>>> print(open('data.pdb').read())   # PDB, C-alpha atoms
ATOM      1  CA  MET N   1       7.859 -13.269   0.438
ATOM      2  CA  LYS N   2       9.107 -14.314  -2.992
ATOM      3  CA  GLU N   3       6.530 -15.534  -5.458
ATOM      4  CA  VAL N   4       6.866 -18.740  -7.460
ATOM      5  CA  LEU N   5       5.902 -19.750 -10.971
ATOM      6  CA  ALA N   6       4.215 -23.143 -10.611
ATOM      7  CA  GLY N   7       2.357 -25.536 -12.907
ATOM      8  CA  VAL N   8       2.583 -28.875 -14.657
ATOM      9  CA  VAL N   9       4.299 -30.104 -17.810
ATOM     10  CA  ALA N  10       1.614 -32.131 -19.638
ATOM     11  CA  ILE N  11       2.803 -34.806 -22.096
ATOM     12  CA  VAL N  12       0.164 -36.539 -24.218
ATOM     13  CA  SER N  13       1.129 -39.396 -26.566
ATOM     14  CA  LYS N  14      -0.490 -42.535 -27.935
ATOM     15  CA  GLU N  15       2.505 -44.684 -27.055
ATOM     16  CA  ALA N  16       5.550 -44.539 -24.777
ATOM     17  CA  VAL N  17       8.137 -41.884 -25.696
ATOM     18  CA  GLN N  18      11.874 -42.361 -25.200
ATOM     19  CA  HIS N  19      13.718 -39.115 -24.365
ATOM     20  CA  GLN N  20      17.110 -37.756 -23.279
ATOM     21  CA  GLY N  21      15.703 -35.465 -20.568
ATOM     22  CA  ILE N  22      13.022 -32.770 -20.138
ATOM     23  CA  THR N  23      14.084 -29.242 -19.120
ATOM     24  CA  LEU N  24      12.320 -25.951 -18.355
ATOM     25  CA  THR N  25      13.860 -22.533 -19.063
ATOM     26  CA  MET N  26      12.352 -19.365 -17.599
ATOM     27  CA  GLU N  27      13.419 -15.979 -18.953
ATOM     28  CA  GLY N  28      12.473 -12.337 -18.485
ATOM     29  CA  ILE N  29      13.830  -9.849 -21.046
ATOM     30  CA  VAL N  30      13.429  -6.165 -21.925
ATOM     31  CA  ASN N  31      13.881  -5.679 -25.677
ATOM     32  CA  LEU N  32      14.648  -2.121 -26.790
ATOM     33  CA  GLN N  33      14.389  -1.018 -30.390
ATOM     34  CA  LEU N  34      15.167   2.177 -32.265
ATOM     35  CA  SER N  35      12.591   3.854 -34.471
ATOM     36  CA  SER N  36      13.630   4.385 -38.096
ATOM     37  CA  LYS N  37      13.959   8.146 -37.535
ATOM     38  CA  SER N  38      16.521   7.579 -34.761
ATOM     39  CA  VAL N  39      18.707   5.056 -36.598
ATOM     40  CA  GLY N  40      21.818   6.810 -37.834
ATOM     41  CA  VAL N  41      21.299   9.730 -35.462
ATOM     42  CA  PHE N  42      22.606   7.759 -32.492
ATOM     43  CA  GLU N  43      25.128   5.266 -33.827
ATOM     44  CA  ALA N  44      26.211   4.618 -30.232
ATOM     45  CA  PHE N  45      22.761   3.148 -29.559
ATOM     46  CA  TYR N  46      23.717  -0.040 -31.348
ATOM     47  CA  ASN N  47      25.951  -0.839 -28.384
ATOM     48  CA  SER N  48      23.445   0.173 -25.699
ATOM     49  CA  VAL N  49      20.220  -1.225 -27.180
ATOM     50  CA  LYS N  50      21.030  -4.791 -26.238
ATOM     51  CA  PRO N  51      18.298  -6.859 -24.555
ATOM     52  CA  ILE N  52      18.247  -6.383 -20.777
ATOM     53  CA  GLN N  53      17.944  -9.724 -18.988
ATOM     54  CA  LEU N  54      15.852  -9.429 -15.830
ATOM     55  CA  ILE N  55      15.687 -13.083 -14.807
ATOM     56  CA  THR N  56      16.826 -16.448 -16.153
ATOM     57  CA  SER N  57      16.594 -19.931 -14.674
ATOM     58  CA  ASN N  58      16.840 -23.509 -15.919
ATOM     59  CA  ILE N  59      15.774 -26.782 -14.298
ATOM     60  CA  GLU N  60      15.760 -30.408 -15.363
ATOM     61  CA  VAL N  61      12.254 -31.731 -14.733
ATOM     62  CA  VAL N  62      12.841 -35.358 -15.731
ATOM     63  CA  LYS N  63      16.092 -37.210 -16.315
ATOM     64  CA  GLN N  64      16.675 -39.354 -19.403
ATOM     65  CA  GLY N  65      14.145 -42.165 -19.683
ATOM     66  CA  LYS N  66      10.704 -43.050 -21.033
ATOM     67  CA  VAL N  67       7.310 -41.357 -20.709
ATOM     68  CA  PRO N  68       4.387 -43.864 -20.786
ATOM     69  CA  GLY N  69       1.572 -43.604 -23.332
ATOM     70  CA  GLY N  70      -1.502 -41.539 -22.420
ATOM     71  CA  LYS N  71      -1.338 -38.271 -20.453
ATOM     72  CA  THR N  72       1.503 -37.578 -18.019
ATOM     73  CA  GLU N  73       1.595 -34.474 -15.812
ATOM     74  CA  ILE N  74       4.855 -33.444 -14.132
ATOM     75  CA  PRO N  75       4.553 -30.625 -11.539
ATOM     76  CA  PHE N  76       7.208 -27.882 -11.381
ATOM     77  CA  GLU N  77       7.974 -24.777  -9.355
ATOM     78  CA  PHE N  78      10.277 -21.837 -10.144
ATOM     79  CA  PRO N  79      11.141 -19.244  -7.475
ATOM     80  CA  LEU N  80      11.126 -15.774  -9.081
ATOM     81  CA  HIS N  81      14.556 -14.699  -7.793
ATOM     82  CA  THR N  82      16.379 -11.887  -9.595
ATOM     83  CA  LYS N  83      20.148 -11.510  -9.683
ATOM     84  CA  GLY N  84      21.692  -8.574  -7.835
ATOM     85  CA  ASN N  85      19.485  -5.488  -7.630
ATOM     86  CA  LYS N  86      17.454  -6.220 -10.777
ATOM     87  CA  VAL N  87      13.711  -5.551 -10.663
ATOM     88  CA  LEU N  88      10.961  -7.564 -12.355
ATOM     89  CA  TYR N  89       9.128  -4.900 -14.344
ATOM     90  CA  GLU N  90       5.503  -5.504 -15.264
ATOM     91  CA  THR N  91       4.736  -7.347 -18.518
ATOM     92  CA  TYR N  92       4.340  -4.802 -21.321
ATOM     93  CA  HIS N  93       4.072  -5.087 -25.120
ATOM     94  CA  GLY N  94       5.119  -1.815 -26.736
ATOM     95  CA  VAL N  95       6.564  -0.696 -30.053
ATOM     96  CA  PHE N  96      10.099   0.288 -29.021
ATOM     97  CA  VAL N  97      10.078  -1.226 -25.500
ATOM     98  CA  ASN N  98       8.938  -4.799 -24.883
ATOM     99  CA  ILE N  99       8.982  -6.493 -21.438
ATOM    100  CA  GLN N 100       8.265 -10.192 -21.759
ATOM    101  CA  TYR N 101       8.497 -13.294 -19.566
ATOM    102  CA  THR N 102       8.551 -16.733 -21.160
ATOM    103  CA  LEU N 103       8.709 -20.348 -20.075
ATOM    104  CA  ARG N 104      10.117 -22.895 -22.523
ATOM    105  CA  CYS N 105       9.890 -26.669 -22.175
ATOM    106  CA  ASP N 106      12.373 -28.823 -24.135
ATOM    107  CA  MET N 107      12.304 -32.576 -24.566
ATOM    108  CA  LYS N 108      15.624 -33.878 -25.929
ATOM    109  CA  ARG N 109      15.330 -36.959 -28.074
ATOM    110  CA  SER N 110      17.654 -39.368 -29.870
ATOM    111  CA  LEU N 111      19.416 -38.406 -33.110
ATOM    112  CA  LEU N 112      16.703 -39.939 -35.305
ATOM    113  CA  ALA N 113      13.797 -38.196 -33.544
ATOM    114  CA  LYS N 114      13.208 -34.452 -33.546
ATOM    115  CA  ASP N 115      13.576 -32.559 -30.248
ATOM    116  CA  LEU N 116      10.249 -31.203 -28.943
ATOM    117  CA  SER N 117       9.910 -27.637 -27.676
ATOM    118  CA  LYS N 118       7.004 -25.482 -26.482
ATOM    119  CA  THR N 119       7.116 -21.849 -25.292
ATOM    120  CA  CYS N 120       4.435 -19.884 -23.470
ATOM    121  CA  GLU N 121       4.327 -16.377 -22.022
ATOM    122  CA  PHE N 122       3.441 -15.688 -18.394
ATOM    123  CA  MET N 123       2.390 -12.329 -16.944
ATOM    124  CA  VAL N 124       4.167 -10.429 -14.186
ATOM    125  CA  HIS N 125       2.333  -7.702 -12.235
ATOM    126  CA  SER N 126       4.292  -5.137 -10.250
ATOM    127  CA  LEU N 127       3.582  -4.844  -6.538
ATOM    128  CA  PRO N 128       0.689  -2.504  -5.610
ATOM    129  CA  GLN N 129       1.590   0.968  -4.401
ATOM    130  CA  LYS N 130       1.666   1.155  -0.602
ATOM    131  CA  THR N 131       0.689   4.812  -0.354
ATOM    132  CA  LYS N 132      -2.920   5.795  -0.953
ATOM    133  CA  LEU N 133      -3.390   7.330  -4.380
ATOM    134  CA  GLN N 134      -4.763  10.854  -4.292
ATOM    135  CA  PRO N 135      -7.101  11.638  -7.221
ATOM    136  CA  THR N 136      -5.806  14.475  -9.408
ATOM    137  CA  PRO N 137      -8.818  15.899 -11.278
ATOM    138  CA  VAL N 138      -8.141  18.202 -14.229
ATOM    139  CA  ASP N 139     -10.579  20.766 -15.629
ATOM    140  CA  PHE N 140     -10.064  21.949 -19.203
ATOM    141  CA  THR N 141     -11.434  24.620 -21.524
ATOM    142  CA  ILE N 142     -10.712  24.515 -25.268
ATOM    143  CA  THR N 143     -11.160  27.649 -27.393
ATOM    144  CA  PRO N 144      -9.244  28.962 -30.461
ATOM    145  CA  GLU N 145      -7.170  31.079 -28.022
ATOM    146  CA  THR N 146      -6.034  28.074 -25.919
ATOM    147  CA  LEU N 147      -4.724  26.102 -28.895
ATOM    148  CA  GLN N 148      -0.989  25.820 -29.558
ATOM    149  CA  ASN N 149       0.790  25.176 -32.875
ATOM    150  CA  VAL N 150      -1.768  27.217 -34.837
ATOM    151  CA  ARG N 151      -0.582  29.150 -37.908
ATOM    152  CA  GLU N 152      -3.670  31.192 -38.859
ATOM    153  CA  ARG N 153      -5.591  31.607 -35.598
ATOM    154  CA  SER N 154      -7.876  34.253 -37.166
ATOM    155  CA  LEU N 155      -9.120  31.679 -39.712
ATOM    156  CA  LEU N 156     -10.278  29.249 -37.015
ATOM    157  CA  PRO N 157     -14.025  28.976 -36.388
ATOM    158  CA  LYS N 158     -15.255  30.015 -32.925
ATOM    159  CA  PHE N 159     -15.896  27.203 -30.416
ATOM    160  CA  LEU N 160     -16.007  26.642 -26.659
ATOM    161  CA  ILE N 161     -15.567  23.161 -25.186
ATOM    162  CA  ARG N 162     -15.306  22.472 -21.473
ATOM    163  CA  GLY N 163     -14.740  19.295 -19.524
ATOM    164  CA  HIS N 164     -12.817  17.460 -16.839
ATOM    165  CA  LEU N 165     -10.908  14.246 -16.209
ATOM    166  CA  ASP N 166     -11.631  12.728 -12.797
ATOM    167  CA  ALA N 167      -7.936  11.813 -12.369
ATOM    168  CA  THR N 168      -4.650  11.890 -14.277
ATOM    169  CA  ASN N 169      -3.010   9.732 -11.575
ATOM    170  CA  CYS N 170      -4.738   6.536 -12.672
ATOM    171  CA  VAL N 171      -5.044   3.041 -11.236
ATOM    172  CA  ILE N 172      -4.317   0.766 -14.203
ATOM    173  CA  THR N 173      -7.178  -1.617 -13.359
ATOM    174  CA  LYS N 174      -9.777   1.175 -13.268
ATOM    175  CA  PRO N 175     -11.123   3.172 -16.234
ATOM    176  CA  LEU N 176     -10.163   6.739 -17.074
ATOM    177  CA  THR N 177     -13.344   8.773 -16.530
ATOM    178  CA  GLY N 178     -14.626  12.327 -16.876
ATOM    179  CA  GLU N 179     -16.965  14.334 -19.077
ATOM    180  CA  LEU N 180     -16.939  16.820 -21.926
ATOM    181  CA  VAL N 181     -19.466  19.537 -22.879
ATOM    182  CA  VAL N 182     -19.629  21.393 -26.192
ATOM    183  CA  GLU N 183     -20.892  24.816 -25.109
ATOM    184  CA  SER N 184     -20.824  26.356 -28.597
ATOM    185  CA  SER N 185     -19.284  25.843 -32.044
ATOM    186  CA  ASP N 186     -19.689  27.867 -35.266
ATOM    187  CA  VAL N 187     -18.850  24.778 -37.334
ATOM    188  CA  ALA N 188     -20.638  21.419 -37.045
ATOM    189  CA  ILE N 189     -18.728  18.719 -35.161
ATOM    190  CA  LYS N 190     -17.999  15.492 -37.017
ATOM    191  CA  SER N 191     -16.533  13.337 -34.231
ATOM    192  CA  ILE N 192     -15.101  13.422 -30.682
ATOM    193  CA  GLU N 193     -12.463  10.826 -29.823
ATOM    194  CA  LEU N 194     -10.221   9.707 -26.973
ATOM    195  CA  GLN N 195      -6.743   8.664 -28.058
ATOM    196  CA  LEU N 196      -4.472   6.745 -25.668
ATOM    197  CA  VAL N 197      -0.775   7.231 -26.459
ATOM    198  CA  ARG N 198       2.385   5.527 -25.164
ATOM    199  CA  VAL N 199       5.598   7.562 -25.047
ATOM    200  CA  GLU N 200       8.622   5.262 -25.120
ATOM    201  CA  THR N 201      12.143   6.565 -24.529
ATOM    202  CA  CYS N 202      15.259   4.472 -25.178
ATOM    203  CA  GLY N 203      18.551   6.041 -24.227
ATOM    204  CA  CYS N 204      22.180   5.982 -23.269
ATOM    205  CA  ALA N 205      24.828   8.537 -22.343
ATOM    206  CA  GLU N 206      25.030   9.687 -25.994
ATOM    207  CA  GLY N 207      21.383  10.676 -26.247
ATOM    208  CA  TYR N 208      17.760   9.599 -26.053
ATOM    209  CA  ALA N 209      15.203   8.589 -28.686
ATOM    210  CA  ARG N 210      11.635   9.459 -27.655
ATOM    211  CA  ASP N 211       8.690   8.122 -29.684
ATOM    212  CA  ALA N 212       4.943   8.535 -29.168
ATOM    213  CA  THR N 213       2.584   5.971 -30.729
ATOM    214  CA  GLU N 214      -1.153   5.370 -30.496
ATOM    215  CA  ILE N 215      -2.403   2.449 -28.383
ATOM    216  CA  GLN N 216      -6.128   2.845 -28.999
ATOM    217  CA  ASN N 217      -8.670   5.377 -30.226
ATOM    218  CA  ILE N 218     -12.229   5.403 -28.856
ATOM    219  CA  GLN N 219     -14.996   7.508 -30.378
ATOM    220  CA  ILE N 220     -17.121   9.018 -27.591
ATOM    221  CA  ALA N 221     -19.428  11.086 -29.838
ATOM    222  CA  GLU N 222     -20.372  11.055 -33.517
ATOM    223  CA  GLY N 223     -21.916  13.882 -35.502
ATOM    224  CA  ASP N 224     -22.898  17.379 -34.388
ATOM    225  CA  VAL N 225     -23.681  16.739 -30.718
ATOM    226  CA  CYS N 226     -26.221  18.747 -28.723
ATOM    227  CA  HIS N 227     -24.651  21.809 -27.145
ATOM    228  CA  SER N 228     -24.507  21.992 -23.317
ATOM    229  CA  LEU N 229     -25.046  18.220 -23.072
ATOM    230  CA  PRO N 230     -22.472  16.383 -20.860
ATOM    231  CA  ILE N 231     -20.742  13.567 -22.811
ATOM    232  CA  PRO N 232     -19.167  10.878 -20.584
ATOM    233  CA  ILE N 233     -15.459  10.074 -20.966
ATOM    234  CA  TYR N 234     -14.734   6.403 -20.240
ATOM    235  CA  MET N 235     -11.645   4.444 -21.290
ATOM    236  CA  VAL N 236     -10.371   1.067 -20.040
ATOM    237  CA  PHE N 237      -6.574   0.616 -20.088
ATOM    238  CA  PRO N 238      -5.709  -2.455 -22.239
ATOM    239  CA  ARG N 239      -3.688  -4.933 -20.170
ATOM    240  CA  LEU N 240      -0.788  -5.897 -22.459
ATOM    241  CA  PHE N 241      -0.265  -2.494 -24.063
ATOM    242  CA  THR N 242      -0.136  -0.475 -20.820
ATOM    243  CA  CYS N 243       1.804  -0.891 -17.584
ATOM    244  CA  PRO N 244       2.525   1.266 -14.538
ATOM    245  CA  THR N 245       4.504   4.350 -15.639
ATOM    246  CA  LEU N 246       8.139   3.225 -15.689
ATOM    247  CA  GLU N 247      11.408   5.138 -15.562
ATOM    248  CA  THR N 248      14.808   3.387 -15.566
ATOM    249  CA  ILE N 249      18.362   4.343 -16.582
ATOM    250  CA  ASN N 250      17.998   2.790 -20.061
ATOM    251  CA  PHE N 251      14.351   3.363 -20.917
ATOM    252  CA  LYS N 252      11.076   5.017 -19.951
ATOM    253  CA  VAL N 253       7.441   4.081 -20.610
ATOM    254  CA  GLU N 254       4.944   6.922 -20.133
ATOM    255  CA  PHE N 255       1.332   7.493 -21.172
ATOM    256  CA  GLU N 256      -0.832  10.359 -22.382
ATOM    257  CA  VAL N 257      -4.429  10.804 -23.467
ATOM    258  CA  ASN N 258      -5.580  13.126 -26.243
ATOM    259  CA  VAL N 259      -9.113  14.531 -26.464
ATOM    260  CA  VAL N 260      -9.585  14.959 -30.236
ATOM    261  CA  ILE N 261     -12.443  16.996 -31.761
ATOM    262  CA  VAL N 262     -12.868  16.668 -35.536
ATOM    263  CA  LEU N 263     -14.862  19.515 -37.151
ATOM    264  CA  HIS N 264     -16.792  19.151 -40.418
ATOM    265  CA  ASP N 265     -14.340  21.454 -42.192
ATOM    266  CA  GLU N 266     -11.650  18.850 -41.257
ATOM    267  CA  HIS N 267     -10.052  21.068 -38.591
ATOM    268  CA  LEU N 268      -8.567  18.819 -35.889
ATOM    269  CA  ILE N 269      -8.551  20.136 -32.313
ATOM    270  CA  THR N 270      -6.393  18.171 -29.851
ATOM    271  CA  GLU N 271      -5.949  18.632 -26.103
ATOM    272  CA  ASN N 272      -3.173  16.536 -24.508
ATOM    273  CA  PHE N 273      -3.049  15.243 -20.903
ATOM    274  CA  PRO N 274      -0.046  13.349 -19.450
ATOM    275  CA  LEU N 275      -1.142  10.377 -17.310
ATOM    276  CA  LYS N 276       0.643   8.576 -14.485
ATOM    277  CA  LEU N 277      -0.421   4.923 -14.266
ATOM    278  CA  CYS N 278       0.111   2.777 -11.178
ATOM    279  CA  ARG N 279      -1.122  -0.466  -9.635
ATOM    280  CA  ALA N 280      -3.005  -0.130  -6.365
TER     281      ALA N 280
END
>>> encode(input="data.pdb", output="structure tokens")
Amino acid sequence: MKEVLAGVVAIVSKEAVQHQGITLTMEGIVNLQLSSKSVGVFEAFYNSVKPIQLITSNIEVVKQGKVPGGKTEIPFEFPLHTKGNKVLYETYHGVFVNIQYTLRCDMKRSLLAKDLSKTCEFMVHSLPQKTKLQPTPVDFTITPETLQNVRERSLLPKFLIRGHLDATNCVITKPLTGELVVESSDVAIKSIELQLVRVETCGCAEGYARDATEIQNIQIAEGDVCHSLPIPIYMVFPRLFTCPTLETINFKVEFEVNVVIVLHDEHLITENFPLKLCRA
């Protein structure tokens, strides 16, 4: 069954309005953008990073005539049909990938009067996954020995942090949960944070530009926490800035979460976990 976009065009005016016709235009577009560090590296991108049109449709709601004074409501209905084998990806506002669906209403008027136009965004959700999602819990232990990208490991203070995430295969409408325990630390802890990151990839045959940017950062503990005390991990996925993990020929949208421990001597300890988001 195909879904429809339905509603009413509401026109409010003190007196009757003469017009040359009222139209509605529905559009779904993926806008891809290059980060500044990628510009110049992939000159060929300028040809491939054109907007991808997912859906477009136009209807005339009212023919030329007059709208009476007061409030007039004109119902409309748009079937959400895509052309060919195109898929309606879920609404997503990113930095280098943007998936947006808009509805624009235009009222044409005579030469002496200005045309009226109003645009609004509508949300598209992808279909829920048919298969039952199996939870994928992850246990982690962070010590100086487990850290990567460390220059002077011998200079690091001693610490032992354990924890788990209840799932890294996540339902987008449910929070990311788990817990973290500081077993021991030679240096006082300043802060413990959860950082949600989007990894956006735009590409073509000539190469791919991959950029990671922060979506949100939530502090789950402040100050030198009690040792051996479980600290809950709880993060809600923000609706517009996340979507089910997406992989297409031209672009990818993936997500990760970082557990960040800031020590009082300004050492930053980060543990990274790739996430797979879906709608169930």
>>> closest_atom_pairs(input="data.pdb", of="stretch 233-265 of chain N", to="stretch 219-223 of chain N", cutoff="12 Å", atoms="only C-alpha atoms", output="CSV")
residue,atom,partner,partner_atom,distance
N:Ile233,CA,N:Ile220,CA,6.9
N:Tyr234,CA,N:Ile220,CA,8.2
N:Met235,CA,N:Ile220,CA,9.5
N:Asn258,CA,N:Gln219,CA,11.7
N:Val259,CA,N:Ile220,CA,9.8
N:Val260,CA,N:Gln219,CA,9.2
N:Ile261,CA,N:Ala221,CA,9.3
N:Val262,CA,N:Gly223,CA,9.5
N:Leu263,CA,N:Gly223,CA,9.2
N:His264,CA,N:Gly223,CA,8.8
>>> resolve_selection(input="data.pdb", expression="the PyMOL selection byres ((chain N and resi 183) around 7)", output="ChimeraX atom specification")
/N:160-161,181-182,184,227-228
>>> residues_around(input="data.pdb", residues="stretch 133-136 of chain N", least_positions_apart="6", cutoff="12 Å", atoms="only C-alpha atoms", output="list in words")
His164, Leu165, Asp166, Ala167, Thr168, Asn169, Cys170, Val171, Ile172, Leu176, Thr177, Gly178, Phe273, Pro274, Leu275, Lys276, Leu277, Cys278, Arg279 and Ala280 of chain N
>>> closest_residue(input="data.pdb", among="N:Ile11, N:Val236, N:Leu34, N:Leu24", to="N:Ala209", atoms="only C-alpha atoms")
N:Leu34
>>> resolve_selection(input="data.pdb", expression="the PyMOL selection byres ((chain N and resi 180) around 6)", output="NGL selection string")
:N and (162-163 or 179 or 181 or 230-231)
>>> closest_residue(input="data.pdb", among="N:Leu32, N:Leu194, N:Val97, N:Cys105", to="N:Cys243", atoms="only C-alpha atoms")
N:Val97
>>> closest_residue(input="data.pdb", among="N:Ile99, N:Leu112, N:Val12, N:Ile249", to="N:Gln33", atoms="all atoms listed in the file")
N:Ile99
>>> atom_distance(input="data.pdb", atom1="atom CA of N:Leu111", atom2="atom CA of N:Gly70")
23.7 Å
>>> atom_distance(input="data.pdb", atom1="atom CA of N:Leu80", atom2="atom CA of N:Ile55")
7.8 Å
>>> residues_around(input="data.pdb", residues="N:Glu3", least_positions_apart="4", cutoff="9 Å", atoms="only C-alpha atoms", output="list in words")
Phe78, Pro79, Leu80 and His81 of chain N
>>> residues_near_point(input="data.pdb", point="(1.1, -8.0, -24.4)", cutoff="12 Å", atoms="only C-alpha atoms", output="VMD selection string")
chain N and resid 90 to 95 97 to 102 121 to 124 215 238 to 243
>>> closest_residue(input="data.pdb", among="N:Lys158, N:Arg210, N:His125, N:Lys14", to="N:Pro144", atoms="only C-alpha atoms")
N:Lys158
>>> residues_around(input="data.pdb", residues="N:Lys86", least_positions_apart="3", cutoff="8 Å", atoms="only C-alpha atoms", output="PyMOL selection string")
chain N and resi 54+82-83
>>> write_last_selection(input="data.pdb", atoms="C-alpha atoms", output="CSV table (one decimal), in the coordinates of the input")
chain,number,residue,atom,x,y,z
N,54,LEU,CA,15.9,-9.4,-15.8
N,82,THR,CA,16.4,-11.9,-9.6
N,83,LYS,CA,20.1,-11.5,-9.7
>>> atom_distance(input="data.pdb", atom1="atom CA of N:Ala10", atom2="atom CA of N:Leu103")
13.8 Å
>>> closest_residue(input="data.pdb", among="N:Lys252, N:Pro232, N:Glu271, N:Asn217", to="N:Thr146", atoms="all atoms listed in the file")
N:Glu271
>>> resolve_selection(input="data.pdb", expression="the PyMOL selection byres ((chain N and resi 147) around 12)", output="NGL selection string")
:N and (140-146 or 148-153 or 156 or 158-161 or 268-272)
>>> closest_residue(input="data.pdb", among="N:Thr56, N:Ser154, N:Gln64, N:Thr201", to="N:Lys108", atoms="all atoms listed in the file")
N:Gln64
>>> residues_near_point(input="data.pdb", point="(-0.9, -42.7, -21.9)", cutoff="8 Å", atoms="only C-alpha atoms", output="list in words")
Val12, Ser13, Lys14, Glu15, Ala16, Pro68, Gly69, Gly70, Lys71 and Thr72 of chain N
>>> axis_aligned_box(input="data.pdb", around="stretch 132-148 of chain N", padding_each_side="3 Å", output="lines of an AutoDock Vina configuration file")
center_x = -6.2
center_y = 18.4
center_z = -15.7
size_x = 16.4
size_y = 31.3
size_z = 35.5
